[in-house]
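In what follows, a structure is listed as structure tokens, so that the remarks can point back to it.
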Amino acid sequence: MTPTVHKASTTRSESPIGAVRMQVAWGARLFDLFNVTLLSLLCVITFYPFYYVLICALSDPQQLIAHRGLLLWPQGFSLDAFGRVFDNPIVRSGFLNTLIIVVGGTSLNLVLTCFGAYALSRRRLPCETALMIFIVFTLFFSAGLVPNYLLVRNLGLLDSRWAIVLPFAVSAWNLIILRAAFNAVPKDFEEAARVDGANDLAILWHIYVPMCMPSIAVVGLFYAVAHWNGYFYSMIYFSDRSLFPIQLVLREILISDNSDSMMVGEASSRAAIGNSIKYATVVVATLPILVLYPFLQRFFVKGMLLGGVKE
Amino acid sequence: MRRVRLRFACALFAIGAVLHARTGVPAEPLHLPIVGQPLTLTWYTGLPPAAAVSIRSLSEQSAYQVLAERTGIRIAFTHPPIGAEVERFNLLAVSGTYPDVIEEDWKLYPGGAEQALQDRFIIPLNDLIRRYAPNFQALLDANPDMRRQISSDDGTIYCFPLLRLDPQVRTIWGPQIRADWLDKAGLAVPTTMAEWHEVLTAFKTRRVNGRDDLIPYSAFNDIGDRSVPGLPPALWPFLGPFGLAPEFYQINGKVHYSPFEPAYRAFLATLHQWYAEGLLDADFALQNNKQFDAKMLNNNIGAYASFNGSTLGRFSVMSRSLIPNFRLVAAPFPAGTDGSRHITYPPAAQIFVGRGAAVSGQNAHVVETIKYLDYGYSREGGLALSFGKEGLSYTLIDGKPRYTDAVVRNSNRSIVEAIYQHARPQSGPLVQDAEYLTQFYVLPAQIDALKIWSEGSTDLLLPSLQIDRANARKFAALMSDINTYVAEMTVKFIVGRAALDDFDGYRSNLDRAGITRAIELMQNALDRYNAKPVVTTQPTKN
Amino acid sequence: MTMATPSRPDAAAPLALRARVCAELVRHRLVYLMLAPVVAYFLVFQYAPMIAAVIAFKDYNPAVGIAASPWVGFDWFRQFFDGLFFNRLIWNTLLINLYDLAFGFPAPIVLALLMNELTSQRFKRFVQTLTYLPHFISVVVIAGMMLDFLVRDGVVNDIIAAFGGRRESLLLNPDYFRRIFVGSEIWQSIGWGSIIYLASLAGINPSLYEAAKIDGANRWQQFLHITLPGLTPIIMTMLILRLGQLMTVGFEKILLLYNPVTYETADVISTYVYRRGILEANYSYAAAVGLFNSALALLLLFASNRLSRRLTGNSIW
């Protein structure tokens with residue numbers, strides 16, 4: 001939609017329609033300007049917190065504490081805080097654990113969700129509606145912390161990575177999304193494949209998965225992000241510190257930083273670094289996903305287009 | 001001849017047995033190693049944050065390695081994630097599988113230690129101590145007050161606690177004030193409410209830091225701390241002059257709850273006035289220690305109340321390069337108009353604050369466990385637990401333990417972090433050693449503080465009390481809402497969001513919420529505590 | 001399209017039923033095979049624990065186990081309803097949700113519309129990339145950042161002071177909590193939430209716009225008569241789904257941001273229950289209120305679905 005460009009100062013107009021067009025153009029320009037300004041402001045607001053955390057992490061701790069006013073540049077430069085973060089015995093294992101959980105967990109999630117979405121799409125099964133209700137119900141009712149804890153304990157999964165993978169193997173929400181995507185695939189493809197003698201697994205693998213790849217990518221991303229950011233259940237189930245995922249380690253560091261009492265601090269000037277360690281930890285725990293996601297971004301819009309829209 | 005000798009031997013034996021049963025002489029002095037074959041005990045406790053920066057488990061500490069070598073018993077620790085101690089301790093009970101030793105604050109167990117005993121979560125220890133824990137038994141015999149504090153109502157001892165027997169280790173918290181500002185204003189350290197008002201006003205009106213953002217008196221809280229205080233701890237010293245102490249306190253054996261007392265209104269009025277005059281930090285109610293730090297180092301704050309190490313010591317050193325002439329000193333707890341000076345820091349009266357190592361009901365090596373725990377109360381065991389490994393983390397100079405440079409002058413770690421690589425002087429099942437404290441406190445002002453803060457009487461303070469089992473849950477339920485309400489209203493009254501004229505309405509709300517019942521329950525607990533038998537044998541019923 | 005099955009009288013042998021079931025299983029055996037682990041998951045990890053939710057009606061003592069714990073009927077529910085803070089909790093839960101709905105729900109829609117109007121594709125991609133960022137950050141980090149920014153000497157106050165305002169510790173003022181919370185929710189989800197609307201907008205038939213322009217409609221009229229109706233189905237769907245989350249919204253974030261000073265506006269049902277139920281180990285209480293919560297959520301879902309069907313013709317079922 002390209003507005004016709006007229007200089008606002010032009011006083012002459014050839015015709016009434018020309019005048020209207022000129023006014024529209026002027027109004028459109030104004031609107032566009034306003035739009036760009038607003039969105040730019042949004043970008044700044046979105047970005048500044050990350051920028052702030054980054055420069056705090058890179059600043060010299062003493063100078064940082066003494067700084068007053070709006071912070072725009074790093075105060076001094078120091079990588080001490082990062083050094084201390086990586087000194088922490090469980091930061092490295094934290095990353096490794098999170099990686100394992102994200103890769104392994106998401107794979108399991110996708111396989112099961114695809115299976116479920118396929119089975120429950122296209123009215124294949126007579127019990128489809130009943131099963132959908134069965135599944136959607138769990139979106140609203142959950143047993144609570146203690147019953148889930150007892151289940152995990154009874155299955156012998158305490159202090160095992162399965163404890164934070166199995167109980168979250170399928171998300172009803174993502175299942176619904178993927179099912180809608182599968183339903184949007186034109187029927188002809190499947191029918192043609194059946195004529196050729198393909199069985200359900202083949203159809204799923206050769207038709208639905210390729211055609212709904214964007215939606216699968218989006219759903220996969222939902223799962224991966226949930227795994228990456230998860231800390232609560234590992235907090236409940238894990239005692240073995242070498243199993244802690246990175247967000248739990250981060251939370252420990254942030255909490256320890258806030259903790260008062262005679263445990264913390266004494267007559268030492270190294271105490272200033274405690275503040276910077278907090279920022280460095282945030283950077284360390286968040287950077288990987290920030291770096292990764294632009295590459296996956298291209299899938300998002302297409303995925304949502306095919307997946308969620310046609311209801 | 002042999003027959004006579006034999007009979008004589010039997011008689012001796014019999015007499016010995018009778019004597020033993022009668023007088024309770026400890027039958028077994030501690031012999032090391034405790035076990036012939038290596039034994040591993042499982043042990044649940046929180047991991048101190050200071051330790052978490054270097055080690056994954058307390059078993060990596062030098063102290064526990066030394067103990068393992070000497071006793072033959074290794075400890076396999078289970079730690080909850082930092083910040084999740086409360087949830088995980090409760091879930092431990094749910095899990096149905098208990099480690100051999102459980103070390104935690106027993107007030108956290110729903111229903112208290114008595115319920116834990118009833119549930120067979122932990123076992124009673126009196127007999128076991130008498131038979132196998134000579135060091136601990138000796139302490140009990142020498143300190144009847146200790147026995148009363150660490151046992152339940154019927155005299156059952158349920159855990160091996162951190163014992164703060166030395167009065168010096170208890171007076172580690174109190175009011176602190178900028179001595180250099182006092183010098184500039186030409187005033188002395190305040191000792192009464194009136195003097196405090198004068199000093200704080202002088203700070204503000206004379207702009208002793210040369211700026212308008214001066215905060216005469218400040219306070220901070222733990223954001224992560226979910227146990228709701230009725231008032232930020234830094235304001236506790238000002239309860240004393242009104243004859244109050246934080247939350248539950250006593251006057252001659254009668255229990256009161258300060259937020260419910262009429263005198264609380266006068267206290268609130270004073271603080272409200274201070275707040276209105278700008279003498280009290282506007283952020284007092286929620287500020288966390290990071291923000292407080294920033295203000296201190298920015299030369300904003302005149303006075304507050306907190307710990308000797310983490311504030312007095314730390315700020316004195318941190319400010320050396322930032323603020324010229326910076327000097328912090330301890331101020332005594334303020335006295336009331338009648339001259340009485342009350343120490344209003346509750347742990348100052350408590351030898352035992354609730355934390356201890358208990359033996360679980362599923363422990364299969366009870367005797368060995370008791371002996372191991374008892375060793376911690378012996379001189380050698382205590383040294384190991386408080387200082388670590390001789391030669392590595394401490395040396396003995398004139399018979400006194402001194403941390404090595406690796407601890408006090410560590411380039412990568414703060415002192416407390418360095419200590420925690422080797423020992424756990426602040427929380428283990430041991431007698432807290434004043435020696436560690438005096439090295440932890442390196443400044444003269446800190447040593448003085450210990451004396452200054454012990455001036456006054458702890459007569460208002462309650463010992464560590466437990467509500468009786470039948471009512472413990474009810475009490476917890478009552479106090480949960482009451483604490484929240486008190487916390488909110490206190491802040492509102494002080495900042496002026498609620499008018500003090502509504503104080504009576506606030507009191508009747510507290511009444512409606514059940515405070516009278518709660519006070520009653522606490523009174524029962526105190527009565528039972530005072531009536532506790534000081535006997536040395538296990539009560540027969542169990 | 002359902003399979004045509006001849007109707008049989010119920011009196012006809014169950015054998016026939018079993019035969020039908022078997023035939024069905026065989027015919028779609030791969031499908032059922034694929035379905036099996038999924039159903040197993042829901043049975044084992046979602047429905048089985050629900051049995052233990054019976055502790056809502058008992059006084060659960062872990063030491064004796066669920067079965068041996070005594071029954072208390074509706075005592076916990078009663079305690080909840082009679083509690084000192086019940087009214088406030090309901091009110092806070094409702095209000096925070098209302099704020100979030102009033103501002104947080106339209107925000108991604110507005111963003112999508114605005115981005116759709118951009119002429120420069122590069123700038124549009126740039127905005128998209130940037131605004132999606134916050135969605136990926138964990139709530140622990142976000143809360144940590146907010147706690148840091150909103151203190152008296154934090155960034156936000158620096159900005160306020162630069163504009164001549166008064167510095168104030170913003171998380172200490174109950175009046176601001178809802179705004180802060182909803183603001184942070186918007187900040188975190190506006191970009192990500194706009195994806196689905198952007199996709200919908202792209203799916204609107206362009207020839208409709210052409211026709212409208214020929215008829216002389218200006219941008220605003222095009223928006224009103226084409227864009228908006230085109231978006232309505234997806235908006236209604238998202239709205240209904242959002243309503244299902246009414247009772248649990250923002251639990252983790254509120255837990256990390258609130259404090260006793262702001263309880264009066266920040267304490268919602270789920271955070272109160274977390275304190276009472278989990279921290280104080282009164283699991284039965286937590287279970288009871290959890291049931292109440294879920295029932296309410298379900299009720300709201302049904303109600304909103306029906307309302308939507310009546311008003312706009314769109315619904316989830």
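Residue names in the structure tokens use chain letters A, B, ... in the order shown, residue numbers from 1 in each chain, and ligand numbers from 1 in the order shown.
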
Go through range 88-188 of chain A and collect every residue that DSSP, computed from the backbone, puts in helix (DSSP H, G or I); the answer should be as a compact mmCIF listing (two decimals) with N, CA and C atoms, in the first residue's frame.
```
# COMPACT_ATOMS: atom_id res chain seq x y z
N VAL A 91 27.89 -24.73 37.71
CA VAL A 91 27.41 -23.97 36.54
C VAL A 91 27.62 -24.77 35.26
N ARG A 92 28.79 -25.34 35.14
CA ARG A 92 29.05 -26.11 33.91
C ARG A 92 28.13 -27.31 33.81
N SER A 93 28.00 -28.02 34.91
CA SER A 93 27.10 -29.18 34.87
C SER A 93 25.67 -28.72 34.66
N GLY A 94 25.38 -27.50 35.12
CA GLY A 94 24.04 -26.97 34.92
C GLY A 94 23.72 -26.84 33.44
N PHE A 95 24.64 -26.28 32.69
CA PHE A 95 24.42 -26.15 31.24
C PHE A 95 24.27 -27.51 30.59
N LEU A 96 25.15 -28.41 30.97
CA LEU A 96 25.11 -29.74 30.37
C LEU A 96 23.76 -30.39 30.64
N ASN A 97 23.32 -30.29 31.89
CA ASN A 97 22.04 -30.90 32.23
C ASN A 97 20.91 -30.29 31.45
N THR A 98 20.91 -28.97 31.38
CA THR A 98 19.82 -28.32 30.65
C THR A 98 19.84 -28.75 29.19
N LEU A 99 21.04 -28.84 28.63
CA LEU A 99 21.13 -29.26 27.23
C LEU A 99 20.54 -30.65 27.05
N ILE A 100 20.92 -31.56 27.93
CA ILE A 100 20.39 -32.92 27.84
C ILE A 100 18.88 -32.92 27.93
N ILE A 101 18.38 -32.18 28.89
CA ILE A 101 16.93 -32.15 29.10
C ILE A 101 16.24 -31.54 27.89
N VAL A 102 16.80 -30.46 27.37
CA VAL A 102 16.14 -29.80 26.25
C VAL A 102 16.11 -30.72 25.04
N VAL A 103 17.25 -31.27 24.70
CA VAL A 103 17.31 -32.11 23.51
C VAL A 103 16.49 -33.39 23.69
N GLY A 104 16.79 -34.09 24.78
CA GLY A 104 16.08 -35.35 25.02
C GLY A 104 14.60 -35.14 25.26
N GLY A 105 14.29 -34.17 26.12
CA GLY A 105 12.90 -33.95 26.46
C GLY A 105 12.09 -33.52 25.25
N THR A 106 12.63 -32.59 24.48
CA THR A 106 11.87 -32.10 23.34
C THR A 106 11.67 -33.20 22.31
N SER A 107 12.68 -34.02 22.12
CA SER A 107 12.50 -35.13 21.17
C SER A 107 11.34 -36.02 21.58
N LEU A 108 11.34 -36.39 22.84
CA LEU A 108 10.26 -37.24 23.33
C LEU A 108 8.92 -36.53 23.14
N ASN A 109 8.90 -35.24 23.52
CA ASN A 109 7.67 -34.46 23.38
C ASN A 109 7.15 -34.50 21.96
N LEU A 110 8.05 -34.25 21.00
CA LEU A 110 7.60 -34.14 19.62
C LEU A 110 7.09 -35.47 19.10
N VAL A 111 7.80 -36.52 19.40
CA VAL A 111 7.35 -37.83 18.93
C VAL A 111 5.96 -38.13 19.45
N LEU A 112 5.78 -37.98 20.76
CA LEU A 112 4.49 -38.31 21.34
C LEU A 112 3.39 -37.37 20.85
N THR A 113 3.73 -36.08 20.75
CA THR A 113 2.71 -35.14 20.33
C THR A 113 2.29 -35.39 18.88
N CYS A 114 3.25 -35.71 18.05
CA CYS A 114 2.90 -36.04 16.66
C CYS A 114 2.00 -37.26 16.60
N PHE A 115 2.40 -38.27 17.35
CA PHE A 115 1.56 -39.47 17.41
C PHE A 115 0.15 -39.11 17.84
N GLY A 116 0.07 -38.37 18.92
CA GLY A 116 -1.24 -38.04 19.44
C GLY A 116 -2.03 -37.18 18.48
N ALA A 117 -1.37 -36.20 17.88
CA ALA A 117 -2.08 -35.32 16.96
C ALA A 117 -2.58 -36.09 15.75
N TYR A 118 -1.76 -36.97 15.27
CA TYR A 118 -2.17 -37.77 14.11
C TYR A 118 -3.36 -38.65 14.46
N ALA A 119 -3.24 -39.32 15.59
CA ALA A 119 -4.30 -40.25 15.96
C ALA A 119 -5.62 -39.55 16.21
N GLU A 128 -12.77 -40.27 19.11
CA GLU A 128 -11.95 -39.06 19.09
C GLU A 128 -12.47 -37.97 20.01
N THR A 129 -13.76 -37.68 19.93
CA THR A 129 -14.29 -36.60 20.76
C THR A 129 -14.10 -36.90 22.24
N ALA A 130 -14.40 -38.14 22.60
CA ALA A 130 -14.26 -38.50 24.00
C ALA A 130 -12.82 -38.32 24.46
N LEU A 131 -11.89 -38.75 23.59
CA LEU A 131 -10.48 -38.62 23.97
C LEU A 131 -10.07 -37.16 24.06
N MET A 132 -10.61 -36.33 23.18
CA MET A 132 -10.25 -34.91 23.25
C MET A 132 -10.72 -34.30 24.56
N ILE A 133 -11.92 -34.66 24.96
CA ILE A 133 -12.41 -34.14 26.24
C ILE A 133 -11.51 -34.64 27.37
N PHE A 134 -11.18 -35.93 27.30
CA PHE A 134 -10.30 -36.56 28.27
C PHE A 134 -8.99 -35.76 28.41
N ILE A 135 -8.49 -35.29 27.27
CA ILE A 135 -7.21 -34.58 27.29
C ILE A 135 -7.38 -33.13 27.70
N VAL A 136 -8.38 -32.46 27.16
CA VAL A 136 -8.58 -31.04 27.46
C VAL A 136 -8.88 -30.84 28.94
N PHE A 137 -9.56 -31.81 29.53
CA PHE A 137 -9.89 -31.72 30.96
C PHE A 137 -8.63 -31.48 31.80
N LEU A 145 0.75 -30.56 44.08
CA LEU A 145 2.16 -30.89 44.29
C LEU A 145 2.37 -32.23 44.96
N VAL A 146 1.69 -32.46 46.06
CA VAL A 146 1.95 -33.68 46.82
C VAL A 146 1.60 -34.95 46.06
N PRO A 147 0.42 -35.04 45.43
CA PRO A 147 0.14 -36.26 44.67
C PRO A 147 1.18 -36.51 43.58
N ASN A 148 1.62 -35.45 42.90
CA ASN A 148 2.62 -35.65 41.86
C ASN A 148 3.94 -36.09 42.46
N TYR A 149 4.26 -35.52 43.61
CA TYR A 149 5.50 -35.92 44.27
C TYR A 149 5.45 -37.38 44.65
N LEU A 150 4.31 -37.80 45.19
CA LEU A 150 4.17 -39.20 45.59
C LEU A 150 4.31 -40.12 44.38
N LEU A 151 3.73 -39.71 43.27
CA LEU A 151 3.82 -40.54 42.07
C LEU A 151 5.27 -40.69 41.64
N VAL A 152 5.97 -39.58 41.58
CA VAL A 152 7.38 -39.63 41.16
C VAL A 152 8.18 -40.48 42.11
N ARG A 153 7.89 -40.35 43.39
CA ARG A 153 8.61 -41.14 44.37
C ARG A 153 8.31 -42.62 44.18
N ASN A 154 7.03 -42.92 43.98
CA ASN A 154 6.66 -44.32 43.82
C ASN A 154 7.26 -44.95 42.57
N ARG A 161 16.82 -37.76 35.94
CA ARG A 161 16.37 -36.76 34.96
C ARG A 161 14.98 -37.07 34.44
N TRP A 162 14.58 -38.33 34.47
CA TRP A 162 13.25 -38.67 33.99
C TRP A 162 12.16 -37.96 34.78
N ALA A 163 12.50 -37.59 36.01
CA ALA A 163 11.48 -36.96 36.86
C ALA A 163 11.00 -35.64 36.28
N ILE A 164 11.84 -34.97 35.51
CA ILE A 164 11.35 -33.71 34.94
C ILE A 164 11.08 -33.83 33.45
N LEU A 166 9.38 -37.15 32.06
CA LEU A 166 8.19 -37.97 31.89
C LEU A 166 6.87 -37.29 32.30
N PRO A 167 6.84 -36.65 33.47
CA PRO A 167 5.55 -36.06 33.86
C PRO A 167 5.10 -34.93 32.93
N PHE A 168 5.96 -34.53 32.02
CA PHE A 168 5.61 -33.43 31.11
C PHE A 168 5.75 -33.87 29.67
N ALA A 172 -1.12 -30.87 26.62
CA ALA A 172 -2.42 -30.87 25.97
C ALA A 172 -2.55 -29.67 25.03
N TRP A 173 -2.02 -28.58 25.46
CA TRP A 173 -2.07 -27.34 24.67
C TRP A 173 -1.41 -27.54 23.31
N ASN A 174 -0.18 -28.04 23.34
CA ASN A 174 0.56 -28.23 22.09
C ASN A 174 -0.09 -29.30 21.24
N LEU A 175 -0.68 -30.27 21.89
CA LEU A 175 -1.37 -31.32 21.14
C LEU A 175 -2.50 -30.71 20.33
N ILE A 176 -3.25 -29.81 20.95
CA ILE A 176 -4.36 -29.16 20.27
C ILE A 176 -3.85 -28.38 19.07
N ILE A 177 -2.76 -27.65 19.25
CA ILE A 177 -2.21 -26.86 18.15
C ILE A 177 -1.81 -27.76 16.98
N LEU A 178 -1.09 -28.81 17.30
CA LEU A 178 -0.59 -29.68 16.24
C LEU A 178 -1.74 -30.41 15.54
N ARG A 179 -2.70 -30.78 16.32
CA ARG A 179 -3.87 -31.45 15.75
C ARG A 179 -4.56 -30.53 14.75
N ALA A 180 -4.69 -29.26 15.11
CA ALA A 180 -5.30 -28.31 14.17
C ALA A 180 -4.47 -28.21 12.90
N ALA A 181 -3.18 -28.22 13.05
CA ALA A 181 -2.32 -28.16 11.87
C ALA A 181 -2.52 -29.37 10.98
N PHE A 182 -2.58 -30.55 11.62
CA PHE A 182 -2.79 -31.77 10.83
C PHE A 182 -4.13 -31.72 10.11
N ASN A 183 -5.12 -31.19 10.81
CA ASN A 183 -6.44 -31.13 10.21
C ASN A 183 -6.48 -30.21 9.01
N LYS A 187 -7.04 -33.23 2.33
CA LYS A 187 -7.27 -34.66 2.47
C LYS A 187 -6.65 -35.49 1.36
N ASP A 188 -6.55 -34.84 0.18
CA ASP A 188 -6.14 -35.60 -1.00
C ASP A 188 -4.82 -36.33 -0.79
```

>> I'd like the neighbourhood of Leu373 in chain B as an MDAnalysis selection string, where a residue qualifies if any of its atoms comes within 9 Å (using only C-alpha atoms), though same-chain residues fewer than 5 positions away should be ignored.
In response: chainID B and resid 133 136 160 357 368 429:430

> Within 7 Å of Pro260 in chain C, counting only C-alpha atoms, which residues qualify if same-chain residues fewer than 5 places away don't, as a list in words?
Replying inline: Thr484, Ala487 and Glu488 of chain B

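Using only C-alpha atoms, the contacts of Arg29 in chain C at a cut-off of 12 Å, with sequence neighbours closer than 4 positions omitted, comprise A:Ala119, A:Arg124, A:Leu125, A:Asn199, A:Asp200, A:Leu201, C:Val21, C:Cys22, C:Ala23, C:Glu24, C:Leu25, C:Leu33, C:Met34, C:Leu35, C:Ala36.
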
Just the selected residues (N, CA and C atoms), exported as a PDB file, in the first residue's frame, please.
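The resulting result.pdb:
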```pdb
ATOM      1  N   ALA A 119      -3.236 -39.321  15.592  1.00  0.00           N
ATOM      2  CA  ALA A 119      -4.297 -40.252  15.965  1.00  0.00           C
ATOM      3  C   ALA A 119      -5.619 -39.548  16.206  1.00  0.00           C
ATOM      4  N   ARG A 124     -10.374 -39.983  12.656  1.00  0.00           N
ATOM      5  CA  ARG A 124      -9.983 -41.359  12.354  1.00  0.00           C
ATOM      6  C   ARG A 124     -10.660 -42.346  13.253  1.00  0.00           C
ATOM      7  N   LEU A 125     -10.736 -41.949  14.507  1.00  0.00           N
ATOM      8  CA  LEU A 125     -11.234 -42.879  15.500  1.00  0.00           C
ATOM      9  C   LEU A 125     -12.615 -42.451  15.974  1.00  0.00           C
ATOM     10  N   ASN A 199       0.872 -47.285   5.066  1.00  0.00           N
ATOM     11  CA  ASN A 199       0.186 -47.441   6.337  1.00  0.00           C
ATOM     12  C   ASN A 199       0.263 -46.131   7.132  1.00  0.00           C
ATOM     13  N   ASP A 200      -0.339 -46.131   8.324  1.00  0.00           N
ATOM     14  CA  ASP A 200      -0.463 -44.884   9.079  1.00  0.00           C
ATOM     15  C   ASP A 200       0.885 -44.254   9.407  1.00  0.00           C
ATOM     16  N   LEU A 201       1.804 -45.085   9.817  1.00  0.00           N
ATOM     17  CA  LEU A 201       3.114 -44.544  10.180  1.00  0.00           C
ATOM     18  C   LEU A 201       3.764 -43.850   8.985  1.00  0.00           C
TER      19      LEU A 201
ATOM     20  N   VAL C  21     -15.310 -53.849  18.885  1.00  0.00           N
ATOM     21  CA  VAL C  21     -14.137 -53.174  19.412  1.00  0.00           C
ATOM     22  C   VAL C  21     -12.874 -53.783  18.838  1.00  0.00           C
ATOM     23  N   CYS C  22     -12.836 -55.121  18.813  1.00  0.00           N
ATOM     24  CA  CYS C  22     -11.646 -55.790  18.287  1.00  0.00           C
ATOM     25  C   CYS C  22     -11.405 -55.418  16.834  1.00  0.00           C
ATOM     26  N   ALA C  23     -12.491 -55.427  16.084  1.00  0.00           N
ATOM     27  CA  ALA C  23     -12.362 -55.087  14.669  1.00  0.00           C
ATOM     28  C   ALA C  23     -11.809 -53.681  14.507  1.00  0.00           C
ATOM     29  N   GLU C  24     -12.345 -52.819  15.325  1.00  0.00           N
ATOM     30  CA  GLU C  24     -11.886 -51.426  15.275  1.00  0.00           C
ATOM     31  C   GLU C  24     -10.401 -51.340  15.579  1.00  0.00           C
ATOM     32  N   LEU C  25     -10.000 -52.037  16.637  1.00  0.00           N
ATOM     33  CA  LEU C  25      -8.594 -52.000  17.028  1.00  0.00           C
ATOM     34  C   LEU C  25      -7.694 -52.520  15.920  1.00  0.00           C
ATOM     35  N   LEU C  33      -1.747 -47.842  18.231  1.00  0.00           N
ATOM     36  CA  LEU C  33      -0.394 -48.021  18.749  1.00  0.00           C
ATOM     37  C   LEU C  33       0.251 -46.679  19.024  1.00  0.00           C
ATOM     38  N   MET C  34       0.018 -45.766  18.100  1.00  0.00           N
ATOM     39  CA  MET C  34       0.568 -44.413  18.283  1.00  0.00           C
ATOM     40  C   MET C  34      -0.113 -43.713  19.434  1.00  0.00           C
ATOM     41  N   LEU C  35      -1.391 -43.993  19.569  1.00  0.00           N
ATOM     42  CA  LEU C  35      -2.170 -43.317  20.597  1.00  0.00           C
ATOM     43  C   LEU C  35      -1.806 -43.814  21.989  1.00  0.00           C
ATOM     44  N   ALA C  36      -1.431 -45.098  22.036  1.00  0.00           N
ATOM     45  CA  ALA C  36      -1.248 -45.742  23.341  1.00  0.00           C
ATOM     46  C   ALA C  36      -0.330 -44.974  24.292  1.00  0.00           C
TER      47      ALA C  36
END
```

>> With distances taken over only C-alpha atoms, which residue among A:Ile207, A:Val170, A:Ala143, A:Ala184 lies nearest Pro49 in chain C?
In response: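 Looking only at the distances to Pro49 in chain C, the closest residue turns out to be A:Ala143.
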
>> Neighbouring residues of Tyr52 in chain A were defined as those with any atom within 8 Å, considering only C-alpha atoms; residues of the same chain fewer than 4 positions away were excluded. Please report them as a list in words.
In response: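 Result of the neighbour search: Tyr48, Cys56, Leu71 and Leu72 of chain A.
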
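Closest approach to chain A among C:Leu257, C:Leu228, C:Leu241, C:Val38 is made by C:Val38 (distances from only C-alpha atoms).
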
Near chain C, 7 Å: chain B residue rows, closest pairs, only C-alpha atoms, as CSV:
```
residue,atom,partner,partner_atom,distance
B:Val86,CA,C:Leu279,CA,6.1
B:Glu87,CA,C:Leu279,CA,5.7
B:Asn90,CA,C:Ala281,CA,6.0
B:Ala93,CA,C:Pro62,CA,6.0
B:Val94,CA,C:Pro62,CA,4.7
B:Pro110,CA,C:Ala281,CA,6.5
B:Asp119,CA,C:Ala63,CA,5.7
B:Asp283,CA,C:Ser169,CA,6.4
B:Leu286,CA,C:Leu172,CA,6.5
B:Asp481,CA,C:Leu84,CA,7.0
B:Thr484,CA,C:Pro260,CA,6.7
B:Ala487,CA,C:Pro260,CA,6.4
B:Glu488,CA,C:Val261,CA,5.6
B:Ala513,CA,C:Leu84,CA,7.0
```

>> Please list as number ranges by chain every residue within 10 Å of Ser160 in chain A, counting only C-alpha atoms and excluding residues in the same chain fewer than 6 positions away.
In response: A: 152, 234, 237-240, 243

Keeping only C-alpha atoms, take the residues you just selected and write them out as an mmCIF file, in the first residue's frame.
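Saved file result_35.cif follows:
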```cif
data_model
loop_
_atom_site.group_PDB
_atom_site.id
_atom_site.type_symbol
_atom_site.label_atom_id
_atom_site.label_comp_id
_atom_site.auth_asym_id
_atom_site.auth_seq_id
_atom_site.Cartn_x
_atom_site.Cartn_y
_atom_site.Cartn_z
ATOM 1 C CA VAL A 152 7.379 -39.629 41.155
ATOM 2 C CA SER A 234 13.913 -29.877 39.622
ATOM 3 C CA TYR A 237 12.708 -33.543 42.999
ATOM 4 C CA PHE A 238 16.489 -33.182 42.886
ATOM 5 C CA SER A 239 18.967 -33.410 45.727
ATOM 6 C CA ASP A 240 21.943 -34.400 43.653
ATOM 7 C CA LEU A 243 21.766 -32.886 38.183
#
```

>> What does the structure give for the distance between CA of Ile254 in chain C and CA of Asp267 in chain C, in Å to one decimal?
In response: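 Result for CA of Ile254 in chain C versus CA of Asp267 in chain C: 7.9 Å, one decimal.
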
> Contacts of Val282 in chain A at 10 Å or less, counting only C-alpha atoms, minus same-chain residues fewer than 3 places along, as an MDAnalysis selection string?
Replying inline: (chainID A and resid 50 53:54 57 247 250:251 253:254 276:279 285:287) or (chainID C and resid 137:138 140:142 144:145)

> In Å, with one decimal, what is the gap from CA of Leu187 in chain B to CA of Thr270 in chain B?
Replying inline: 21.4 Å

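The residue that comes closest to chain C, out of A:Ser215, A:Asn229, A:Gln75, A:Ser171 and on the basis of only C-alpha atoms, is A:Asn229.
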
> Which residue gives the smallest distance to chain A among C:Ile204, C:Leu101, C:Leu311, C:Leu17, with only C-alpha atoms counted?
Replying inline: C:Ile204

> For the atom pair CA of Ile196 in chain C and CA of Ile214 in chain C, what is the interatomic distance in Å to one decimal place?
Replying inline: 29.0 Å
